[in-house]
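Q: Sharing upload_33.tsv (TSV, C-alpha atoms) below.
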```tsv
chain	number	residue	atom	x	y	z
A	1	MET	CA	129.70	-82.97	74.01
A	2	SER	CA	131.20	-79.58	73.06
A	3	LYS	CA	134.84	-78.92	73.73
A	4	LEU	CA	135.97	-76.61	76.52
A	5	ASN	CA	137.95	-73.55	75.47
A	6	ILE	CA	141.14	-73.40	77.55
A	7	ALA	CA	143.52	-70.42	77.59
A	8	VAL	CA	147.00	-71.50	78.72
A	9	ILE	CA	148.90	-68.45	79.95
A	10	PHE	CA	152.70	-68.58	80.21
A	11	GLY	CA	155.83	-66.42	80.30
A	12	GLY	CA	155.19	-63.45	82.56
A	13	CYS	CA	157.36	-60.68	83.98
A	14	SER	CA	158.77	-62.54	87.00
A	15	ASN	CA	162.33	-63.82	87.25
A	16	GLU	CA	160.94	-67.29	86.44
A	17	HIS	CA	159.89	-66.32	82.92
A	18	ASP	CA	161.90	-69.02	81.14
A	19	VAL	CA	160.73	-71.80	83.46
A	20	SER	CA	157.16	-70.67	82.84
A	21	ILE	CA	157.63	-70.95	79.07
A	22	GLY	CA	158.73	-74.59	79.46
A	23	SER	CA	155.82	-75.29	81.81
A	24	GLY	CA	153.33	-73.65	79.47
A	25	ALA	CA	154.64	-75.67	76.54
A	26	THR	CA	154.14	-78.90	78.50
A	27	VAL	CA	150.56	-78.00	79.38
A	28	ILE	CA	149.71	-76.87	75.84
A	29	GLN	CA	151.14	-80.03	74.30
A	30	GLY	CA	149.60	-82.28	76.97
A	31	LEU	CA	145.98	-81.13	76.70
A	32	ASN	CA	143.72	-83.58	74.85
A	33	ARG	CA	142.54	-81.86	71.66
A	34	GLN	CA	139.50	-84.14	71.51
A	35	LYS	CA	138.29	-82.49	74.74
A	36	TYR	CA	139.70	-78.97	74.54
A	37	ASN	CA	140.24	-76.07	72.18
A	38	VAL	CA	143.56	-74.66	73.36
A	39	THR	CA	144.51	-70.99	73.10
A	40	PRO	CA	148.15	-70.23	74.02
A	41	VAL	CA	148.60	-66.80	75.61
A	42	TYR	CA	152.14	-65.47	76.04
A	43	ILE	CA	153.02	-62.67	78.47
A	44	SER	CA	156.33	-60.97	77.68
A	45	ARG	CA	158.95	-60.01	80.25
A	46	GLU	CA	157.60	-56.47	79.95
A	47	GLY	CA	154.10	-57.66	80.85
A	48	LYS	CA	152.48	-57.40	77.42
A	49	TRP	CA	149.93	-60.06	76.42
A	50	PHE	CA	149.96	-61.86	73.04
A	51	LEU	CA	148.10	-64.60	71.24
A	52	PHE	CA	150.87	-67.14	70.56
A	53	GLU	CA	150.55	-68.84	67.17
A	54	GLY	CA	153.39	-71.26	66.61
A	55	GLU	CA	155.30	-74.21	68.01
A	56	ASP	CA	158.80	-72.88	68.72
A	57	PHE	CA	158.76	-72.24	72.45
A	58	LYS	CA	162.56	-71.87	72.58
A	59	ASN	CA	162.50	-68.87	70.25
A	60	ILE	CA	159.29	-67.10	71.15
A	61	GLU	CA	159.93	-64.05	68.96
A	62	SER	CA	160.19	-66.24	65.84
A	63	ASN	CA	156.49	-67.12	66.16
A	64	THR	CA	153.47	-65.04	65.27
A	65	LEU	CA	152.59	-62.89	68.30
A	66	THR	CA	149.35	-60.95	67.98
A	67	PRO	CA	148.60	-58.32	70.64
A	68	LEU	CA	145.95	-59.42	73.11
A	69	ILE	CA	143.97	-57.49	75.69
A	70	PHE	CA	142.41	-59.03	78.76
A	71	SER	CA	139.24	-57.34	79.96
A	72	PRO	CA	137.98	-57.97	83.52
A	73	SER	CA	134.45	-56.94	82.50
A	74	ARG	CA	131.86	-59.61	83.17
A	75	GLY	CA	129.21	-60.79	80.76
A	76	GLY	CA	131.30	-60.93	77.59
A	77	SER	CA	134.56	-62.22	76.23
A	78	ASN	CA	137.57	-61.43	78.38
A	79	PHE	CA	140.20	-62.07	75.70
A	80	LEU	CA	140.28	-59.57	72.84
A	81	VAL	CA	142.69	-60.02	69.92
A	82	GLN	CA	143.89	-56.74	68.45
A	83	ASN	CA	144.03	-56.44	64.67
A	84	GLY	CA	144.99	-52.86	63.91
A	85	ASP	CA	142.14	-50.70	65.13
A	86	THR	CA	139.69	-53.57	65.49
A	87	PHE	CA	139.29	-56.30	68.09
A	88	SER	CA	137.98	-59.85	67.81
A	89	ALA	CA	136.76	-61.82	70.81
A	90	LEU	CA	138.09	-65.21	71.92
A	91	GLU	CA	135.65	-67.42	73.74
A	92	ILE	CA	137.42	-68.87	76.78
A	93	ASP	CA	135.78	-71.13	79.38
A	94	ILE	CA	138.73	-71.70	81.73
A	95	ALA	CA	142.11	-70.01	82.24
A	96	PHE	CA	145.10	-72.22	82.94
A	97	PRO	CA	147.85	-69.96	84.31
A	98	ALA	CA	151.17	-71.77	83.85
A	99	LEU	CA	152.92	-68.82	85.46
A	100	LEU	CA	155.59	-69.06	88.14
A	101	GLY	CA	156.67	-66.43	90.63
A	102	ARG	CA	155.35	-62.92	91.11
A	103	PHE	CA	152.35	-61.80	89.05
A	104	GLY	CA	151.50	-65.43	88.40
A	105	GLU	CA	151.71	-67.42	91.61
A	106	ASP	CA	151.07	-64.64	94.10
A	107	GLY	CA	147.32	-64.06	93.74
A	108	THR	CA	147.50	-61.07	91.40
A	109	ILE	CA	146.40	-62.74	88.16
A	110	GLN	CA	143.99	-64.92	90.15
A	111	GLY	CA	142.31	-61.72	91.36
A	112	LEU	CA	142.04	-60.52	87.77
A	113	PHE	CA	140.28	-63.74	86.76
A	114	GLU	CA	137.92	-63.50	89.72
A	115	MET	CA	136.98	-59.93	88.81
A	116	ALA	CA	136.13	-61.24	85.34
A	117	GLY	CA	134.18	-64.20	86.68
A	118	LEU	CA	136.46	-66.55	84.74
A	119	PRO	CA	137.13	-70.01	86.25
A	120	TYR	CA	140.82	-70.86	86.50
A	121	VAL	CA	143.14	-73.72	87.40
A	122	GLY	CA	145.00	-73.63	90.69
A	123	CYS	CA	144.93	-71.95	94.06
A	124	GLY	CA	142.81	-68.88	94.78
A	125	VAL	CA	143.80	-65.32	95.61
A	126	LEU	CA	144.30	-65.79	99.35
A	127	SER	CA	146.13	-69.11	99.22
A	128	SER	CA	148.34	-67.99	96.33
A	129	ALA	CA	149.36	-64.85	98.21
A	130	LEU	CA	149.96	-66.71	101.49
A	131	CYS	CA	152.07	-69.43	99.88
A	132	MET	CA	154.15	-67.02	97.81
A	133	GLU	CA	154.88	-64.97	100.92
A	134	LYS	CA	157.28	-67.28	102.77
A	135	VAL	CA	156.87	-65.53	106.13
A	136	PHE	CA	153.08	-65.87	106.23
A	137	SER	CA	153.16	-69.50	105.11
A	138	HIS	CA	155.62	-70.27	107.91
A	139	ASP	CA	153.73	-68.21	110.48
A	140	ILE	CA	150.46	-70.00	109.73
A	141	SER	CA	152.11	-73.42	109.67
A	142	SER	CA	153.76	-72.78	113.02
A	143	THR	CA	150.36	-72.19	114.64
A	144	LEU	CA	149.47	-75.78	113.67
A	145	ASN	CA	152.70	-77.13	115.18
A	146	ILE	CA	154.07	-78.12	111.80
A	147	PRO	CA	157.85	-78.54	112.36
A	148	GLN	CA	160.05	-76.11	110.40
A	149	PRO	CA	163.52	-74.59	110.60
A	150	PRO	CA	163.92	-71.54	112.87
A	151	TYR	CA	163.67	-68.22	111.00
A	152	ILE	CA	163.86	-64.45	111.43
A	153	THR	CA	162.27	-61.79	109.20
A	154	HIS	CA	163.35	-58.27	108.34
A	155	VAL	CA	161.88	-55.40	106.33
A	156	LEU	CA	163.81	-52.84	104.29
A	157	GLY	CA	164.60	-49.98	106.67
A	158	ASP	CA	165.04	-52.21	109.73
A	159	ASN	CA	168.25	-52.04	111.72
A	160	ILE	CA	169.59	-55.53	111.08
A	161	ASN	CA	171.55	-57.02	113.97
A	162	LEU	CA	173.90	-59.49	112.34
A	163	LYS	CA	175.16	-60.88	115.63
A	164	ALA	CA	171.60	-61.59	116.81
A	165	ILE	CA	170.87	-63.44	113.55
A	166	ILE	CA	174.03	-65.52	113.91
A	167	GLU	CA	173.30	-66.21	117.57
A	168	LYS	CA	169.82	-67.54	116.81
A	169	LEU	CA	170.39	-69.32	113.48
A	170	GLY	CA	174.11	-70.04	113.41
A	171	LEU	CA	176.29	-70.10	110.33
A	172	PRO	CA	175.84	-71.02	107.62
A	173	CYS	CA	172.29	-69.71	107.30
A	174	PHE	CA	170.06	-68.84	104.37
A	175	VAL	CA	169.02	-65.35	103.32
A	176	LYS	CA	165.94	-65.28	101.09
A	177	PRO	CA	163.72	-62.67	99.46
A	178	VAL	CA	160.26	-63.35	100.88
A	179	ARG	CA	158.51	-63.48	97.49
A	180	SER	CA	161.07	-64.94	95.11
A	181	GLY	CA	161.04	-68.37	93.47
A	182	SER	CA	163.46	-70.74	91.73
A	183	SER	CA	166.09	-69.80	94.36
A	184	VAL	CA	166.64	-66.40	92.71
A	185	GLY	CA	168.22	-63.99	95.19
A	186	ILE	CA	168.86	-66.72	97.77
A	187	THR	CA	172.29	-67.05	99.38
A	188	LYS	CA	173.78	-69.56	101.79
A	189	ALA	CA	175.92	-67.27	103.97
A	190	LYS	CA	178.85	-68.94	105.73
A	191	THR	CA	180.48	-65.91	107.36
A	192	GLU	CA	179.36	-62.58	108.77
A	193	GLU	CA	180.80	-60.83	105.72
A	194	GLU	CA	178.90	-63.17	103.37
A	195	LEU	CA	175.77	-62.45	105.42
A	196	LYS	CA	176.15	-58.72	104.69
A	197	THR	CA	176.56	-59.39	100.96
A	198	ALA	CA	173.61	-61.80	100.97
A	199	ILE	CA	171.34	-59.17	102.52
A	200	THR	CA	172.28	-56.66	99.83
A	201	GLU	CA	171.58	-59.23	97.11
A	202	ALA	CA	168.25	-60.34	98.57
A	203	PHE	CA	167.01	-56.74	98.88
A	204	LYS	CA	167.44	-56.42	95.08
A	205	HIS	CA	164.52	-58.84	94.72
A	206	ASP	CA	162.19	-57.89	97.57
A	207	SER	CA	161.77	-55.38	100.39
A	208	ARG	CA	161.22	-58.16	102.95
A	209	LEU	CA	163.68	-60.91	103.83
A	210	ILE	CA	163.58	-64.18	105.70
A	211	PHE	CA	166.67	-65.63	107.39
A	212	GLN	CA	166.48	-69.39	107.87
A	213	LYS	CA	168.62	-71.87	109.75
A	214	ASN	CA	170.64	-74.22	107.55
A	215	ILE	CA	169.42	-77.82	107.83
A	216	GLU	CA	171.82	-80.63	107.00
A	217	GLY	CA	169.79	-83.39	105.43
A	218	ARG	CA	167.81	-84.60	102.45
A	219	GLU	CA	165.25	-82.62	100.43
A	220	LEU	CA	161.90	-84.35	99.98
A	221	LYS	CA	159.07	-83.04	97.82
A	222	CYS	CA	155.41	-84.03	97.83
A	223	ALA	CA	152.76	-83.38	95.17
A	224	VAL	CA	149.26	-82.51	96.38
A	225	LEU	CA	146.20	-82.64	94.13
A	226	GLY	CA	142.56	-81.90	94.98
A	227	THR	CA	139.96	-79.37	96.05
A	228	GLY	CA	141.30	-79.09	99.60
A	229	GLY	CA	138.52	-81.38	100.84
A	230	ASP	CA	138.46	-85.11	101.52
A	231	ASP	CA	139.19	-85.85	97.85
A	232	THR	CA	142.66	-84.32	98.17
A	233	VAL	CA	145.60	-86.70	97.74
A	234	ALA	CA	149.33	-86.43	98.38
A	235	SER	CA	151.99	-88.40	96.56
A	236	PHE	CA	154.67	-90.48	98.20
A	237	PRO	CA	157.61	-88.05	98.32
A	238	GLY	CA	160.34	-87.76	95.77
A	239	GLU	CA	163.87	-86.59	96.45
A	240	THR	CA	166.10	-84.03	94.79
A	241	ILE	CA	169.73	-85.17	94.71
A	242	TYR	CA	172.57	-82.83	93.79
A	243	SER	CA	176.23	-83.30	94.56
A	244	SER	CA	178.26	-80.38	93.26
A	245	ALA	CA	176.02	-77.48	94.30
A	246	ASP	CA	176.26	-75.99	97.79
A	247	PHE	CA	172.47	-75.88	97.88
A	248	TYR	CA	169.57	-76.33	95.47
A	249	ASP	CA	170.09	-73.04	93.64
A	250	TYR	CA	168.89	-71.95	90.17
A	251	GLU	CA	171.79	-73.65	88.38
A	252	ALA	CA	171.28	-76.93	90.25
A	253	LYS	CA	167.53	-76.80	89.52
A	254	TYR	CA	167.61	-76.05	85.83
A	255	LEU	CA	171.12	-76.14	84.36
A	256	SER	CA	173.21	-78.84	86.04
A	257	ALA	CA	173.44	-82.26	84.43
A	258	GLU	CA	174.41	-83.72	87.82
A	259	THR	CA	171.09	-82.93	89.52
A	260	ARG	CA	168.66	-85.82	89.51
A	261	LYS	CA	165.25	-86.61	90.91
A	262	GLN	CA	164.46	-89.90	92.59
A	263	ILE	CA	160.80	-90.91	92.44
A	264	PRO	CA	159.84	-92.34	94.81
A	265	ALA	CA	162.41	-91.26	97.38
A	266	ASP	CA	164.39	-94.01	99.07
A	267	VAL	CA	162.76	-93.58	102.46
A	268	SER	CA	160.70	-95.87	104.65
A	269	GLU	CA	156.93	-96.15	104.35
A	270	GLU	CA	156.70	-94.54	107.79
A	271	ILE	CA	158.67	-91.44	106.74
A	272	GLY	CA	156.79	-91.26	103.44
A	273	ALA	CA	153.44	-91.37	105.24
A	274	LYS	CA	154.54	-88.61	107.66
A	275	VAL	CA	155.57	-86.38	104.75
A	276	GLN	CA	152.24	-87.03	103.01
A	277	GLY	CA	150.31	-86.20	106.16
A	278	LEU	CA	152.22	-82.96	106.74
A	279	ALA	CA	151.85	-81.96	103.07
A	280	LEU	CA	148.08	-82.36	103.27
A	281	LYS	CA	148.02	-80.42	106.53
A	282	VAL	CA	149.95	-77.50	105.00
A	283	PHE	CA	147.85	-77.56	101.80
A	284	LYS	CA	144.57	-77.38	103.72
A	285	ALA	CA	145.82	-74.87	106.30
A	286	LEU	CA	146.72	-72.43	103.53
A	287	HIS	CA	143.36	-72.98	101.75
A	288	CYS	CA	144.97	-74.38	98.61
A	289	ALA	CA	143.01	-75.90	95.74
A	290	GLY	CA	144.01	-77.68	92.57
A	291	LEU	CA	147.71	-78.30	92.93
A	292	SER	CA	150.75	-77.54	95.03
A	293	ARG	CA	154.17	-79.02	95.69
A	294	VAL	CA	155.18	-79.04	99.35
A	295	ASP	CA	158.90	-79.27	100.17
A	296	PHE	CA	160.49	-80.69	103.30
A	297	PHE	CA	163.86	-81.41	104.85
A	298	LEU	CA	164.64	-84.80	106.36
A	299	GLU	CA	167.23	-83.75	108.92
A	300	ASP	CA	170.38	-85.79	109.38
A	301	GLY	CA	170.87	-87.23	112.84
A	302	THR	CA	167.43	-86.40	114.26
A	303	GLY	CA	165.31	-87.82	111.43
A	304	ASP	CA	162.98	-84.82	111.88
A	305	ILE	CA	160.78	-83.80	108.95
A	306	LEU	CA	160.75	-80.00	108.59
A	307	PHE	CA	158.49	-77.94	106.33
A	308	ASN	CA	160.50	-75.72	103.97
A	309	GLU	CA	158.07	-74.14	101.48
A	310	ILE	CA	155.00	-74.64	99.30
A	311	ASN	CA	154.69	-73.84	95.59
A	312	THR	CA	151.18	-73.26	94.23
A	313	PHE	CA	152.31	-73.69	90.63
A	314	PRO	CA	155.53	-75.71	90.60
A	315	ALA	CA	157.59	-76.15	87.44
A	316	PHE	CA	155.54	-78.27	85.06
A	317	THR	CA	157.94	-79.48	82.39
A	318	GLY	CA	158.20	-83.12	81.38
A	319	VAL	CA	161.12	-83.64	83.76
A	320	SER	CA	159.77	-81.56	86.66
A	321	MET	CA	159.10	-83.11	90.03
A	322	TYR	CA	155.38	-82.30	90.36
A	323	PRO	CA	153.99	-83.96	87.21
A	324	ASN	CA	156.27	-86.96	87.67
A	325	LEU	CA	155.19	-87.43	91.29
A	326	CYS	CA	151.57	-87.31	90.07
A	327	LYS	CA	152.37	-89.81	87.33
A	328	HIS	CA	153.79	-92.16	89.95
A	329	MET	CA	150.52	-92.03	91.92
A	330	GLY	CA	148.41	-92.80	88.85
A	331	TYR	CA	147.92	-89.45	87.09
A	332	PRO	CA	149.79	-89.35	83.76
A	333	MET	CA	149.96	-85.89	82.15
A	334	ASP	CA	146.68	-86.03	80.22
A	335	VAL	CA	144.76	-87.39	83.22
A	336	LEU	CA	146.41	-84.85	85.54
A	337	LEU	CA	145.42	-81.94	83.29
A	338	ASP	CA	141.85	-83.27	83.04
A	339	LYS	CA	141.71	-83.46	86.84
A	340	LEU	CA	142.98	-79.91	87.31
A	341	ILE	CA	140.43	-78.54	84.84
A	342	GLU	CA	137.63	-80.54	86.48
A	343	ILE	CA	138.58	-79.09	89.89
A	344	ALA	CA	138.60	-75.58	88.38
A	345	GLN	CA	135.06	-76.11	87.07
A	346	ARG	CA	133.83	-77.23	90.50
A	347	THR	CA	135.56	-74.61	92.61
A	348	VAL	CA	133.49	-71.61	93.67
A	349	ARG	CA	135.70	-68.50	93.92
```
Mind converting the file's structure to C-alpha cells?
A:
Amino acid sequence: MSKLNIAVIFGGCSNEHDVSIGSGATVIQGLNRQKYNVTPVYISREGKWFLFEGEDFKNIESNTLTPLIFSPSRGGSNFLVQNGDTFSALEIDIAFPALLGRFGEDGTIQGLFEMAGLPYVGCGVLSSALCMEKVFSHDISSTLNIPQPPYITHVLGDNINLKAIIEKLGLPCFVKPVRSGSSVGITKAKTEEELKTAITEAFKHDSRLIFQKNIEGRELKCAVLGTGGDDTVASFPGETIYSSADFYDYEAKYLSAETRKQIPADVSEEIGAKVQGLALKVFKALHCAGLSRVDFFLEDGTGDILFNEINTFPAFTGVSMYPNLCKHMGYPMDVLLDKLIEIAQRTVR
C-alpha cells in the first residue's frame, strides 16, 4: 500500500506561535514513517510559509527554510516550493494543521483547505470559528442547558458600565479577549480599578470581550476524539493543578515547574461520567470533528460541573493534557495520529 503524503503545518502568526512549534514537532516526530511521507511546513510570525528541512525546532532560523506558496486552486498540487524563479510541486494528500489560536484554530486556514479541496485533520470551518469565539460557544451551549459560569459581553465602542458588571458577576471576575488562547490577554480583576486596567489590556488582543464570573474550584479537562457521530469518545477527565499562580495563566501553563497534570483526575466515577457526557454534548452541539479538549470547573461547595471553554486544537506536546488523556484511554501517540488522519479521510467537508 502506498504511503499517504502528510503536510504538518505549525508556527503561525497568532500569539500561540511557540506552543504551535512544540505541538508541530510532536506530530512530525510521532507520525509513523512506514505509513506516511511527512512534509513539515513552517509559518513564520509574519505569516510567511516555508518548507522546513531540519530537526532543530527550538532554533527555527538555524534550519533550512525554503519559501513555499499555498495555492487554493483545485485539480493540481496546492504546495509549491519556490526555487528562485521556478516552482516545484509537492504532492500532499492530507493537511495536518498543528496551529493554535487565530489563523489556525478559528476556521480561516480550514476554509483555505476547503477551497483547495484538500482533506485536513480537525474541526471544520464552522465549528472552528464557533469554538474559537468564546461568546458563541457559550451562547450555543446555554441553549442546551449546559451549565456554565455567568458572563457578559462587550464590543469595542460600547459604553461599559463597570458597576453593572460587578453587580452581576462580583469581584474578582475574569476579563477575556473573545478570540485569544493560552490565557493571553486574560486578567483576573479583583477591584474596580483592576477591572479598568484589564479591559484596556484585553482590547489590545480583540475588539470583543467576555466578562466571566470567577469560580472557586478545580479545573477538569476532557479529551474528545471522533467524527461527531456515535463513534465519538470522551476520556475520563484529567486535572490541572497549580499552587502559586492566581489562575491558570500563560506562565502557569507553559513556564512554571510547579504546575502539574493529574491523569486521571482524583474524582468519583459519577463526576467523571458527568464530565464525559457534557464534553460529548458540547463537542456535538458545536459540530466538531476529529479532536477537541473541553474544559470544565468543578465548583467548590456546590459540586456543580460548569463548562468553561473548548479548544479545537489543544496543545499537542509530549506533556500536554490532550495527548496524555488520549493515551490513558488507549490511544498512544502513533495510534492517536493514525485515528485523526483516518477521520480526516472519511469526513466530507
Q: Give me the segment 67-139 of chain A side of the contact with segment 15-35 of chain A, cut-off 6 Å, one line per residue showing its nearest atom pair and distance in Å at one decimal, counting all atoms listed in the file, sorted by chain and residue number, as a Markdown table.
A:
```
| residue | atom | partner | partner_atom | distance |
| --- | --- | --- | --- | --- |
| A:Ala98 | CA | A:Gly24 | CA | 5.2 |
| A:Leu99 | CA | A:Ser20 | CA | 5.3 |
| A:Leu100 | CA | A:Ser20 | CA | 5.8 |
```
Q: For Ala95 of chain A, which residue out of A:Ile341, A:Asp266, A:Gly12, A:Leu325 is the nearest one, using only C-alpha atoms?
A: A:Ile341
Q: Which is closest to Leu225 of chain A among A:Phe136, A:Tyr322, A:Phe211, A:Tyr242, if we use all atoms listed in the file?
A: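 Among A:Phe136, A:Tyr322, A:Phe211, A:Tyr242, it is A:Tyr322 that comes nearest to Leu225 of chain A.
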Q: Just the number, please: distance in Å from atom CA of Ile165 of chain A to atom CA of Leu220 of chain A, one decimal.
A: 26.5 Å
Q: Just the number, please: distance in Å from atom CA of Tyr151 of chain A to atom CA of Ala164 of chain A, one decimal.
A: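 Atom-to-atom, atom CA of Tyr151 of chain A to atom CA of Ala164 of chain A, that is 11.9 Å.
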Q: Could you check how far atom CA of Thr86 of chain A sits from atom CA of Thr66 of chain A, in Å to one decimal?
A: 12.4 Å
Q: Can you pull out the residues contacting Glu239 of chain A? Cut-off 7 Å, using all atoms listed in the file, and skip same-chain residues under 2 positions away; I want them as a ChimeraX atom specification.
A: /A:219-221,237,241,261-263,265
Q: Check the smallest atom-to-atom distance from each of A:Cys13, A:Ile215, A:Ala116, A:Val38 to Arg102 of chain A using all atoms listed in the file, then report the winner.
A: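 Among the listed residues, the smallest separation from Arg102 of chain A belongs to A:Cys13.
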Q: Measuring between all atoms listed in the file, which one of A:Thr312, A:Thr302, A:Thr259, A:Ser235 shows the shortest distance to Gln276 of chain A?
A: A:Ser235
Q: Select, from A:Glu167, A:Val121, A:Pro149, A:Ser207, the residue with the minimum atom-to-atom distance to Glu133 of chain A, counting only C-alpha atoms.
A: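 Closest to Glu133 of chain A, using only C-alpha atoms: A:Ser207.
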Q: For a quick check of understanding, using all atoms listed in the file, which of A:Leu90, A:Ala234, A:Val184, A:Met115 has the smallest distance to Glu201 of chain A?
A: A:Val184
Q: Taking (158.0, -62.1, 77.1) in the file's own coordinates, collect the residues within 10 Å, counting all atoms listed in the file, and hand them back as number ranges by chain.
A: A: 10-14, 17-18, 21, 42-50, 60-61
Q: Taking 5 positions as the minimum chain separation for residues in the same chain, which residues sit within 8 Å of Tyr120 of chain A when counting all atoms listed in the file? Answer as an MDAnalysis selection string.
A: chainID A and resid 94:97 110 113 341 344:345
